[in-house]
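my_file.cif follows; it contains mmCIF, C-alpha atoms.
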data_protein
loop_
_atom_site.label_atom_id
_atom_site.label_comp_id
_atom_site.auth_asym_id
_atom_site.auth_seq_id
_atom_site.Cartn_x
_atom_site.Cartn_y
_atom_site.Cartn_z
CA MET A 15 92.83 -51.57 -7.20
CA GLY A 16 89.14 -50.69 -7.04
CA ASN A 17 88.92 -51.77 -3.40
CA THR A 18 91.97 -49.65 -2.57
CA ILE A 19 90.38 -46.56 -4.08
CA ARG A 20 87.19 -47.20 -2.15
CA ALA A 21 89.09 -47.64 1.09
CA LEU A 22 90.86 -44.33 0.57
CA ALA A 23 87.63 -42.60 -0.40
CA ALA A 24 86.08 -43.68 2.89
CA PHE A 25 88.49 -41.33 4.70
CA ILE A 26 87.62 -38.33 2.52
CA PRO A 27 84.70 -36.14 3.68
CA ALA A 28 81.58 -37.07 1.73
CA ASP A 29 81.16 -33.73 -0.03
CA ARG A 30 84.80 -33.57 -1.17
CA CYS A 31 84.69 -37.20 -2.27
CA GLN A 32 81.55 -36.65 -4.31
CA ASN A 33 82.96 -33.54 -5.95
CA TYR A 34 86.07 -35.48 -6.89
CA MET A 35 84.09 -38.34 -8.42
CA VAL A 36 81.89 -36.16 -10.65
CA ARG A 37 84.24 -33.29 -11.43
CA ASP A 38 84.41 -34.24 -15.12
CA LEU A 39 80.62 -34.19 -15.58
CA ARG A 40 80.28 -30.63 -16.72
CA GLU A 41 78.92 -31.47 -20.16
CA MET A 42 76.60 -34.19 -21.30
CA PRO A 43 78.51 -37.14 -22.83
CA LEU A 44 78.09 -37.68 -26.56
CA ASP A 45 76.51 -41.09 -25.99
CA LYS A 46 73.88 -39.52 -23.71
CA THR A 47 74.92 -41.87 -20.91
CA VAL A 48 76.10 -41.06 -17.39
CA ASP A 49 77.48 -43.89 -15.26
CA LEU A 50 78.15 -43.02 -11.62
CA SER A 51 78.00 -46.60 -10.36
CA GLY A 52 80.15 -47.66 -7.44
CA ASN A 53 81.19 -44.17 -6.35
CA LEU A 54 79.95 -44.29 -2.73
CA LEU A 55 77.57 -41.42 -3.46
CA ARG A 56 75.24 -40.38 -0.66
CA ARG A 57 73.69 -37.53 -2.65
CA PHE A 58 72.84 -37.33 -6.30
CA PRO A 59 74.87 -34.60 -8.10
CA VAL A 60 72.09 -32.21 -9.07
CA HIS A 61 73.97 -30.60 -11.95
CA VAL A 62 73.51 -33.84 -13.93
CA CYS A 63 69.83 -32.84 -14.20
CA SER A 64 70.85 -30.10 -16.61
CA PHE A 65 71.63 -32.78 -19.23
CA GLN A 66 68.06 -32.80 -20.45
CA GLN A 67 68.77 -35.06 -23.44
CA LEU A 68 70.24 -37.75 -21.22
CA ALA A 69 69.01 -41.24 -22.18
CA LYS A 70 70.76 -43.54 -19.69
CA LEU A 71 71.64 -42.92 -16.04
CA TYR A 72 73.41 -45.55 -13.94
CA LEU A 73 73.56 -44.97 -10.19
CA SER A 74 74.09 -48.57 -9.10
CA ASP A 75 76.11 -49.60 -6.06
CA ASN A 76 76.12 -46.33 -4.14
CA ARG A 77 74.64 -45.24 -0.82
CA LEU A 78 71.66 -43.28 -2.06
CA ASN A 79 68.35 -43.23 -0.19
CA SER A 80 66.71 -40.25 -1.90
CA LEU A 81 66.72 -38.33 -5.17
CA PRO A 82 66.19 -34.59 -5.77
CA PRO A 83 63.02 -33.31 -7.49
CA GLU A 84 65.27 -31.83 -10.21
CA LEU A 85 65.63 -35.37 -11.60
CA GLY A 86 62.22 -34.79 -13.17
CA GLN A 87 63.92 -32.56 -15.75
CA LEU A 88 65.33 -35.67 -17.44
CA GLN A 89 62.24 -36.36 -19.48
CA ASN A 90 64.19 -38.18 -22.19
CA LEU A 91 65.59 -40.76 -19.79
CA GLN A 92 65.00 -44.33 -20.98
CA VAL A 93 67.20 -46.36 -18.61
CA LEU A 94 67.57 -45.70 -14.88
CA ALA A 95 69.63 -47.96 -12.61
CA LEU A 96 69.13 -47.52 -8.86
CA ASP A 97 70.07 -51.05 -7.77
CA PHE A 98 72.38 -51.76 -4.83
CA ASN A 99 71.52 -48.63 -2.87
CA ASN A 100 69.65 -47.88 0.37
CA PHE A 101 66.19 -46.94 -0.87
CA LYS A 102 63.39 -47.85 1.54
CA ALA A 103 60.82 -46.25 -0.74
CA LEU A 104 60.92 -45.38 -4.43
CA PRO A 105 61.33 -41.60 -4.81
CA GLN A 106 58.18 -40.14 -6.36
CA VAL A 107 60.22 -38.21 -8.91
CA VAL A 108 61.08 -41.49 -10.65
CA CYS A 109 57.39 -41.89 -11.52
CA THR A 110 57.49 -38.66 -13.52
CA LEU A 111 60.06 -40.03 -16.01
CA LYS A 112 57.50 -41.19 -18.55
CA GLN A 113 59.96 -42.29 -21.24
CA LEU A 114 61.58 -44.91 -19.00
CA CYS A 115 61.83 -48.32 -20.63
CA ILE A 116 64.14 -50.06 -18.16
CA LEU A 117 64.15 -49.54 -14.39
CA TYR A 118 66.58 -51.32 -12.06
CA LEU A 119 65.52 -51.31 -8.39
CA GLY A 120 67.11 -54.54 -7.17
CA ASN A 121 69.04 -54.95 -3.94
CA ASN A 122 67.44 -52.13 -1.99
CA LYS A 123 65.08 -52.17 1.00
CA LEU A 124 61.76 -51.70 -0.76
CA CYS A 125 58.62 -53.13 0.86
CA ASP A 126 56.23 -51.76 -1.77
CA LEU A 127 56.03 -49.62 -4.89
CA PRO A 128 53.97 -46.43 -5.21
CA GLY A 129 50.78 -46.39 -7.24
CA GLU A 130 52.22 -43.56 -9.32
CA LEU A 131 54.52 -46.11 -10.96
CA SER A 132 51.57 -46.83 -13.27
CA LEU A 133 52.39 -43.54 -15.02
CA LEU A 134 55.41 -45.26 -16.59
CA GLN A 135 53.45 -46.78 -19.45
CA ASN A 136 56.55 -47.23 -21.61
CA LEU A 137 58.27 -49.46 -19.05
CA GLN A 138 59.29 -52.80 -20.56
CA THR A 139 61.79 -54.17 -18.01
CA LEU A 140 61.47 -53.95 -14.23
CA TRP A 141 63.99 -55.35 -11.74
CA VAL A 142 62.86 -55.52 -8.10
CA GLU A 143 64.85 -58.58 -6.99
CA ALA A 144 66.43 -58.80 -3.53
CA ASN A 145 64.12 -56.37 -1.75
CA TYR A 146 61.66 -56.83 1.12
CA LEU A 147 58.54 -57.52 -0.93
CA THR A 148 56.07 -59.92 0.70
CA GLN A 149 53.62 -59.54 -2.16
CA LEU A 150 53.92 -58.32 -5.72
CA PRO A 151 52.68 -54.71 -5.74
CA ASP A 152 49.38 -54.33 -7.60
CA VAL A 153 50.79 -51.44 -9.58
CA VAL A 154 53.04 -53.84 -11.48
CA CYS A 155 49.90 -55.29 -13.09
CA GLU A 156 49.16 -51.88 -14.61
CA LEU A 157 52.40 -51.67 -16.62
CA SER A 158 50.81 -52.77 -19.86
CA LEU A 159 53.99 -52.91 -21.99
CA LEU A 160 56.07 -54.84 -19.45
CA LYS A 161 58.02 -57.65 -21.11
CA THR A 162 60.47 -58.70 -18.38
CA LEU A 163 59.91 -58.88 -14.63
CA HIS A 164 62.69 -59.80 -12.20
CA ALA A 165 61.21 -60.34 -8.74
CA GLY A 166 63.50 -63.01 -7.30
CA SER A 167 64.97 -63.11 -3.79
CA ASN A 168 62.01 -61.51 -2.05
CA ALA A 169 59.40 -63.10 0.23
CA LEU A 170 56.58 -63.64 -2.25
CA ARG A 171 54.10 -66.40 -1.41
CA LEU A 172 51.71 -65.91 -4.32
CA LEU A 173 51.08 -63.75 -7.38
CA PRO A 174 47.98 -61.61 -7.98
CA GLY A 175 45.45 -62.81 -10.53
CA ARG A 176 45.59 -59.38 -12.16
CA LEU A 177 49.05 -60.24 -13.46
CA ARG A 178 47.37 -61.91 -16.43
CA ARG A 179 46.58 -58.40 -17.70
CA LEU A 180 50.22 -58.14 -18.77
CA ARG A 181 49.74 -59.58 -22.25
CA GLU A 182 53.21 -58.43 -23.34
CA LEU A 183 55.04 -60.19 -20.51
CA ARG A 184 57.58 -62.65 -21.90
CA THR A 185 59.89 -63.52 -19.01
CA ILE A 186 59.26 -63.74 -15.28
CA TRP A 187 61.97 -64.51 -12.73
CA LEU A 188 60.75 -65.61 -9.29
CA SER A 189 63.73 -67.52 -7.94
CA GLY A 190 64.36 -67.50 -4.20
CA ASN A 191 60.89 -66.64 -2.91
CA LEU A 192 58.45 -68.47 -0.60
CA LEU A 193 56.14 -70.01 -3.18
CA THR A 194 54.59 -73.29 -2.02
CA ASP A 195 52.36 -73.68 -5.08
CA PHE A 196 53.06 -72.94 -8.71
CA PRO A 197 51.41 -69.53 -9.36
CA ALA A 198 48.09 -70.37 -11.01
CA VAL A 199 47.94 -67.05 -12.85
CA LEU A 200 50.94 -68.07 -14.99
CA LEU A 201 48.84 -70.87 -16.47
CA HIS A 202 46.70 -68.20 -18.12
CA MET A 203 49.57 -66.27 -19.71
CA PRO A 204 50.25 -67.96 -23.08
CA SER A 205 52.78 -65.33 -24.17
CA LEU A 206 55.31 -66.29 -21.51
CA GLU A 207 58.60 -67.56 -22.92
CA VAL A 208 60.66 -67.96 -19.72
CA ILE A 209 59.46 -68.96 -16.25
CA ASP A 210 61.95 -69.19 -13.39
CA VAL A 211 60.70 -70.53 -10.04
CA ASP A 212 64.04 -71.92 -8.87
CA TRP A 213 64.73 -72.10 -5.10
CA ASN A 214 61.14 -72.07 -3.84
CA SER A 215 59.06 -74.64 -1.92
CA ILE A 216 56.83 -75.92 -4.72
CA ARG A 217 55.87 -79.58 -4.28
CA TYR A 218 53.72 -80.14 -7.35
CA PHE A 219 53.86 -78.72 -10.86
CA PRO A 220 50.82 -78.60 -13.15
CA SER A 221 51.18 -79.18 -16.86
CA LEU A 222 52.59 -76.26 -18.84
CA ALA A 223 52.18 -77.97 -22.19
CA HIS A 224 49.44 -75.55 -23.25
CA LEU A 225 51.70 -72.48 -22.98
CA SER A 226 52.42 -72.21 -26.69
CA SER A 227 55.20 -69.58 -26.44
CA LEU A 228 57.13 -71.22 -23.62
CA LYS A 229 60.82 -71.87 -24.33
CA LEU A 230 62.39 -72.36 -20.90
CA VAL A 231 61.17 -73.30 -17.43
CA ILE A 232 63.57 -73.38 -14.46
CA TYR A 233 62.21 -75.23 -11.45
CA ASP A 234 65.32 -76.65 -9.76
CA HIS A 235 65.78 -76.61 -5.96
CA ASN A 236 62.13 -77.25 -5.15
CA PRO A 237 60.89 -80.23 -3.09
CA CYS A 238 58.75 -81.29 -6.04
CA ARG A 239 57.26 -84.75 -6.62
CA ASN A 240 57.08 -84.29 -10.37
CA ALA A 241 58.44 -82.21 -13.22
CA PRO A 242 56.23 -79.79 -15.14
CA LYS A 243 55.02 -81.30 -18.39
CA VAL A 244 55.92 -79.08 -21.34
CA ALA A 245 55.44 -79.08 -25.09
CA LYS A 246 58.05 -80.55 -27.39
CA GLY A 247 61.13 -78.36 -27.74
CA VAL A 248 60.71 -76.57 -24.41
CA ARG A 249 63.79 -76.76 -22.21
CA ARG A 250 63.39 -77.76 -18.57
CA VAL A 251 66.01 -77.13 -15.89
CA GLY A 252 65.49 -79.19 -12.75
CA ARG A 253 64.89 -82.74 -11.58
CA TRP A 254 63.74 -85.16 -14.26
CA ALA A 255 64.60 -82.74 -17.04
CA GLU A 256 65.25 -83.96 -20.61
CA GLU A 257 68.42 -85.85 -19.84
CA THR A 258 66.86 -87.71 -16.88
CA PRO A 259 63.30 -88.92 -17.59
CA GLU A 260 60.75 -88.45 -14.85
CA PRO A 261 60.03 -91.80 -13.18
CA ASP A 262 56.64 -93.48 -13.28
CA PRO A 263 55.46 -93.42 -9.61
CA ARG A 264 54.18 -97.01 -9.76
CA LYS A 265 57.40 -98.32 -11.29
CA ALA A 266 59.43 -96.36 -8.76
CA ARG A 267 57.50 -97.94 -5.88
CA ARG A 268 57.90 -101.47 -7.30
CA TYR A 269 61.61 -100.86 -7.76
CA SER A 270 61.93 -99.62 -4.18
CA LEU A 271 60.15 -102.69 -2.78
CA ALA A 272 62.20 -105.08 -4.91
CA ARG A 273 65.41 -103.42 -3.78
CA GLN A 274 64.35 -103.64 -0.14
CA GLU A 275 63.53 -107.36 -0.48
CA SER A 276 66.88 -107.96 -2.17
CA GLN A 277 68.75 -106.25 0.65
CA GLU A 278 66.86 -108.28 3.26
CA ALA A 279 67.71 -111.51 1.44
CA GLN A 280 71.40 -110.63 1.53
CA VAL A 281 71.49 -110.19 5.32
CA PRO A 282 73.17 -113.34 6.71
CA ALA A 283 71.18 -115.33 9.23
CA LEU A 284 72.41 -115.08 12.79
CA PRO A 285 73.80 -118.34 14.23
CA PRO A 286 71.69 -120.04 16.93
CA PRO A 287 72.65 -119.11 20.47
CA LEU A 288 75.09 -121.42 22.22
CA PRO A 289 73.72 -123.55 25.08
CA PRO A 290 74.69 -122.39 28.53
CA THR A 291 77.74 -124.10 30.01
CA ASN A 292 77.79 -125.63 33.47
CA SER A 293 80.48 -124.22 35.60
#
Let me see the file written as structure tokens.
Amino acid sequence: MGNTIRALAAFIPADRCQNYMVRDLREMPLDKTVDLSGNLLRRFPVHVCSFQQLAKLYLSDNRLNSLPPELGQLQNLQVLALDFNNFKALPQVVCTLKQLCILYLGNNKLCDLPGELSLLQNLQTLWVEANYLTQLPDVVCELSLLKTLHAGSNALRLLPGRLRRLRELRTIWLSGNLLTDFPAVLLHMPSLEVIDVDWNSIRYFPSLAHLSSLKLVIYDHNPCRNAPKVAKGVRRVGRWAEETPEPDPRKARRYSLARQESQEAQVPALPPPLPPTNS
């Protein structure tokens, strides 16, 4: 049914379609939440900015590539979802919303983040997955209260050493990037509880046993030669996890040689060639 509505909406002029979708938003909802996700919006309805006590605004899965300066009136906003849109740059007005705690920016076309993002000192969760990031923007390292960082499905090859400044960071998701080495900076972040480096190109994992807060490490789909060593009680997801012990390299080599010799011994000897016959 939802796809049918969207198909019909595609034939309605954009302005009329948008007016239809937001016609009921004349007063701020009692729960201080406005959800305009999946409405094919190309422009943000400015009258929503009059709801100055608004706490949560969801604009996911639209066609937005800009936001009006009036959005800065929403100084009580704590959650802003801009994922699955067409943003090539983060609108500067977002950086003026100083009460933001959660910011969703995933699945856009962002290559960087503005330095003004550092003004959001209450930010605790940042989603920037599935963008065009080739390096983690330095400004992320200035978000001192950040607890959760989702940066998967980009083109990251390394992480900045300054990331260790984020003493509150608890979970970091880096799946689907271009990491060839385990990010060394994470070894100096003892408060981390979850590390996800799934679907990268990491060949060797250092020991993580010293990370006292670690609860889960996901390292599957890497061409690794070993599993990361972890403290007792830490869950590993990947090759040689708890249910399949990591093999001793020397034993594995001896086993391989023994198996090869066994297979050679089982090959039947070829019969001697027959003497030539005189015609």
Step by step, work through what the PyMOL selection byres ((chain A and resi 175) around 9) selects in the shown file, and finish by giving those residues as a PyMOL selection string. chain A and resi 173-174+176-179+198-200
Residues of segment 159-272 of chain A that have any atom at most 12 Å from an atom of segment 140-154 of chain A: could you tabulate them with the shortest-distance atom pair and the distance in Å to one decimal, using all atoms listed in the file, ordered by chain and increasing number, as a tab-separated table?
residue	atom	partner	partner_atom	distance
A:Leu159	CA	A:Val154	CA	10.6
A:Leu160	CA	A:Leu140	CA	7.6
A:Lys161	CA	A:Leu140	CA	8.5
A:Thr162	CA	A:Leu140	CA	6.4
A:Leu163	CA	A:Leu140	CA	5.2
A:His164	CA	A:Trp141	CA	4.7
A:Ala165	CA	A:Glu143	CA	4.4
A:Gly166	CA	A:Glu143	CA	4.6
A:Ser167	CA	A:Ala144	CA	4.6
A:Asn168	CA	A:Ala144	CA	5.4
A:Ala169	CA	A:Thr148	CA	4.6
A:Leu170	CA	A:Thr148	CA	4.8
A:Arg171	CA	A:Gln149	CA	6.9
A:Leu172	CA	A:Gln149	CA	7.0
A:Leu173	CA	A:Leu150	CA	6.3
A:Pro174	CA	A:Leu150	CA	7.2
A:Gly175	CA	A:Asp152	CA	9.8
A:Arg176	CA	A:Asp152	CA	7.8
A:Leu177	CA	A:Val154	CA	7.8
A:Arg178	CA	A:Val154	CA	11.0
A:Arg179	CA	A:Val154	CA	10.1
A:Leu180	CA	A:Val154	CA	8.9
A:Leu183	CA	A:Leu140	CA	10.9
A:Thr185	CA	A:Leu140	CA	10.8
A:Ile186	CA	A:Leu140	CA	10.1
A:Trp187	CA	A:Glu143	CA	8.7
A:Leu188	CA	A:Glu143	CA	8.5
A:Ser189	CA	A:Glu143	CA	9.1
A:Gly190	CA	A:Ala144	CA	9.0
A:Asn191	CA	A:Thr148	CA	9.0
A:Leu192	CA	A:Thr148	CA	9.0
A:Leu193	CA	A:Thr148	CA	10.8
Test item: the PyMOL selection byres ((chain A and resi 204) around 7) resolved as a list of chain:residue names: A:His202, A:Met203, A:Ser205, A:Leu206, A:Leu225, A:Ser226, A:Ser227
For the selection just defined, write its residues with C-alpha atoms to a file, as a PDB file, keeping the file's coordinate frame.
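Result file follows (part05.pdb):
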ATOM      1  CA  HIS A 202      46.700 -68.200 -18.120  1.00  0.00           C
ATOM      2  CA  MET A 203      49.570 -66.270 -19.710  1.00  0.00           C
ATOM      3  CA  SER A 205      52.780 -65.330 -24.170  1.00  0.00           C
ATOM      4  CA  LEU A 206      55.310 -66.290 -21.510  1.00  0.00           C
ATOM      5  CA  LEU A 225      51.700 -72.480 -22.980  1.00  0.00           C
ATOM      6  CA  SER A 226      52.420 -72.210 -26.690  1.00  0.00           C
ATOM      7  CA  SER A 227      55.200 -69.580 -26.440  1.00  0.00           C
TER       8      SER A 227
END
For Pro242 of chain A, find every residue with an atom within 7 Å (counting all atoms listed in the file), except residues of its own chain fewer than 4 positions away, and show them as a list in words.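 That gives Phe219, Pro220, Ser221 and Leu222 of chain A.
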At a cut-off of 10 Å from (64.3, -51.2, -14.2) in the coordinates of the file, what residues are picked up using all atoms listed in the file, written as an mmCIF file with C-alpha atoms, keeping the file's coordinate frame?
data_model
loop_
_atom_site.group_PDB
_atom_site.id
_atom_site.type_symbol
_atom_site.label_atom_id
_atom_site.label_comp_id
_atom_site.auth_asym_id
_atom_site.auth_seq_id
_atom_site.Cartn_x
_atom_site.Cartn_y
_atom_site.Cartn_z
ATOM 1 C CA GLN A 92 65.000 -44.330 -20.980
ATOM 2 C CA VAL A 93 67.200 -46.360 -18.610
ATOM 3 C CA LEU A 94 67.570 -45.700 -14.880
ATOM 4 C CA ALA A 95 69.630 -47.960 -12.610
ATOM 5 C CA LEU A 96 69.130 -47.520 -8.860
ATOM 6 C CA ASP A 97 70.070 -51.050 -7.770
ATOM 7 C CA LEU A 114 61.580 -44.910 -19.000
ATOM 8 C CA CYS A 115 61.830 -48.320 -20.630
ATOM 9 C CA ILE A 116 64.140 -50.060 -18.160
ATOM 10 C CA LEU A 117 64.150 -49.540 -14.390
ATOM 11 C CA TYR A 118 66.580 -51.320 -12.060
ATOM 12 C CA LEU A 119 65.520 -51.310 -8.390
ATOM 13 C CA GLY A 120 67.110 -54.540 -7.170
ATOM 14 C CA LEU A 137 58.270 -49.460 -19.050
ATOM 15 C CA GLN A 138 59.290 -52.800 -20.560
ATOM 16 C CA THR A 139 61.790 -54.170 -18.010
ATOM 17 C CA LEU A 140 61.470 -53.950 -14.230
ATOM 18 C CA TRP A 141 63.990 -55.350 -11.740
ATOM 19 C CA VAL A 142 62.860 -55.520 -8.100
ATOM 20 C CA THR A 162 60.470 -58.700 -18.380
ATOM 21 C CA LEU A 163 59.910 -58.880 -14.630
ATOM 22 C CA HIS A 164 62.690 -59.800 -12.200
#
Calculate how many Å separate atom CA of Leu157 of chain A from atom CA of Glu130 of chain A, rounding to one decimal. 10.9 Å
Measure the distance from atom CA of Val251 of chain A to atom CA of Asp210 of chain A in Å and round it to one decimal. 9.3 Å
Between atom CA of Gln66 of chain A and atom CA of Asn79 of chain A - distance in Å to one decimal: 22.8 Å
For Arg40 of chain A: contacts at 10 Å, all atoms listed in the file, fewer than 4 positions along chain excluded, given as a PyMOL selection string: chain A and resi 36+61-62+64-65
Since the input lacks atoms, please generate all heavy atoms for segment 178-188 of chain A and provide them as a compact mmCIF listing (two decimals), in the frame of the given file.
# COMPACT_ATOMS: atom_id res chain seq x y z
N ARG A 178 47.69 -61.43 -15.09
CA ARG A 178 47.37 -61.91 -16.43
C ARG A 178 47.02 -60.77 -17.39
O ARG A 178 46.94 -60.97 -18.60
CB ARG A 178 46.23 -62.93 -16.37
CG ARG A 178 44.91 -62.36 -15.88
CD ARG A 178 43.91 -63.45 -15.54
NE ARG A 178 43.56 -64.25 -16.71
CZ ARG A 178 42.71 -65.27 -16.68
NH1 ARG A 178 42.15 -65.64 -15.53
NH2 ARG A 178 42.42 -65.92 -17.76
N ARG A 179 46.81 -59.57 -16.85
CA ARG A 179 46.58 -58.40 -17.70
C ARG A 179 47.81 -58.06 -18.54
O ARG A 179 47.69 -57.39 -19.57
CB ARG A 179 46.21 -57.19 -16.86
CG ARG A 179 44.90 -57.28 -16.10
CD ARG A 179 44.66 -55.99 -15.35
NE ARG A 179 43.41 -56.01 -14.60
CZ ARG A 179 42.97 -54.98 -13.88
NH1 ARG A 179 43.68 -53.85 -13.85
NH2 ARG A 179 41.83 -55.06 -13.22
N LEU A 180 48.97 -58.50 -18.08
CA LEU A 180 50.22 -58.14 -18.77
C LEU A 180 50.41 -59.06 -19.98
O LEU A 180 51.17 -60.02 -19.95
CB LEU A 180 51.40 -58.24 -17.81
CG LEU A 180 51.33 -57.36 -16.56
CD1 LEU A 180 52.59 -57.49 -15.73
CD2 LEU A 180 51.08 -55.90 -16.95
N ARG A 181 49.73 -58.73 -21.05
CA ARG A 181 49.74 -59.58 -22.25
C ARG A 181 51.07 -59.53 -22.99
O ARG A 181 51.35 -60.39 -23.82
CB ARG A 181 48.60 -59.17 -23.18
CG ARG A 181 47.22 -59.29 -22.52
CD ARG A 181 46.10 -58.95 -23.49
NE ARG A 181 44.81 -59.01 -22.84
CZ ARG A 181 44.10 -60.13 -22.67
NH1 ARG A 181 44.61 -61.28 -23.10
NH2 ARG A 181 42.93 -60.11 -22.07
N GLU A 182 51.91 -58.53 -22.69
CA GLU A 182 53.21 -58.43 -23.34
C GLU A 182 54.32 -59.13 -22.56
O GLU A 182 55.45 -59.23 -23.05
CB GLU A 182 53.59 -56.95 -23.53
CG GLU A 182 52.63 -56.16 -24.41
CD GLU A 182 52.58 -56.71 -25.83
OE1 GLU A 182 53.65 -57.10 -26.35
OE2 GLU A 182 51.48 -56.74 -26.41
N LEU A 183 54.01 -59.60 -21.35
CA LEU A 183 55.04 -60.19 -20.51
C LEU A 183 55.59 -61.47 -21.15
O LEU A 183 54.85 -62.38 -21.50
CB LEU A 183 54.48 -60.51 -19.12
CG LEU A 183 55.53 -60.77 -18.04
CD1 LEU A 183 56.35 -59.52 -17.77
CD2 LEU A 183 54.87 -61.25 -16.74
N ARG A 184 56.92 -61.51 -21.27
CA ARG A 184 57.58 -62.65 -21.90
C ARG A 184 58.42 -63.46 -20.92
O ARG A 184 58.52 -64.67 -21.07
CB ARG A 184 58.49 -62.16 -23.05
CG ARG A 184 57.74 -61.47 -24.18
CD ARG A 184 56.82 -62.45 -24.91
NE ARG A 184 56.14 -61.81 -26.04
CZ ARG A 184 54.93 -61.28 -25.98
NH1 ARG A 184 54.26 -61.27 -24.83
NH2 ARG A 184 54.36 -60.74 -27.04
N THR A 185 59.04 -62.80 -19.95
CA THR A 185 59.89 -63.52 -19.01
C THR A 185 59.57 -63.07 -17.59
O THR A 185 59.40 -61.87 -17.33
CB THR A 185 61.39 -63.28 -19.29
OG1 THR A 185 61.70 -61.89 -19.14
CG2 THR A 185 61.75 -63.72 -20.69
N ILE A 186 59.50 -64.05 -16.68
CA ILE A 186 59.26 -63.74 -15.28
C ILE A 186 60.21 -64.57 -14.43
O ILE A 186 60.31 -65.79 -14.58
CB ILE A 186 57.78 -63.98 -14.89
CG1 ILE A 186 57.53 -63.54 -13.45
CG2 ILE A 186 57.36 -65.43 -15.11
CD1 ILE A 186 56.05 -63.40 -13.11
N TRP A 187 60.94 -63.89 -13.55
CA TRP A 187 61.97 -64.51 -12.73
C TRP A 187 61.53 -64.41 -11.27
O TRP A 187 61.42 -63.32 -10.72
CB TRP A 187 63.32 -63.81 -12.94
CG TRP A 187 63.71 -63.75 -14.39
CD1 TRP A 187 63.36 -62.79 -15.30
CD2 TRP A 187 64.52 -64.69 -15.10
NE1 TRP A 187 63.90 -63.07 -16.53
CE2 TRP A 187 64.62 -64.24 -16.44
CE3 TRP A 187 65.18 -65.87 -14.73
CZ2 TRP A 187 65.35 -64.93 -17.41
CZ3 TRP A 187 65.91 -66.55 -15.70
CH2 TRP A 187 65.99 -66.09 -17.02
N LEU A 188 61.29 -65.57 -10.64
CA LEU A 188 60.75 -65.61 -9.29
C LEU A 188 61.61 -66.47 -8.36
O LEU A 188 61.14 -66.94 -7.33
CB LEU A 188 59.31 -66.16 -9.32
CG LEU A 188 58.31 -65.35 -10.13
CD1 LEU A 188 57.04 -66.14 -10.36
CD2 LEU A 188 57.99 -64.03 -9.43
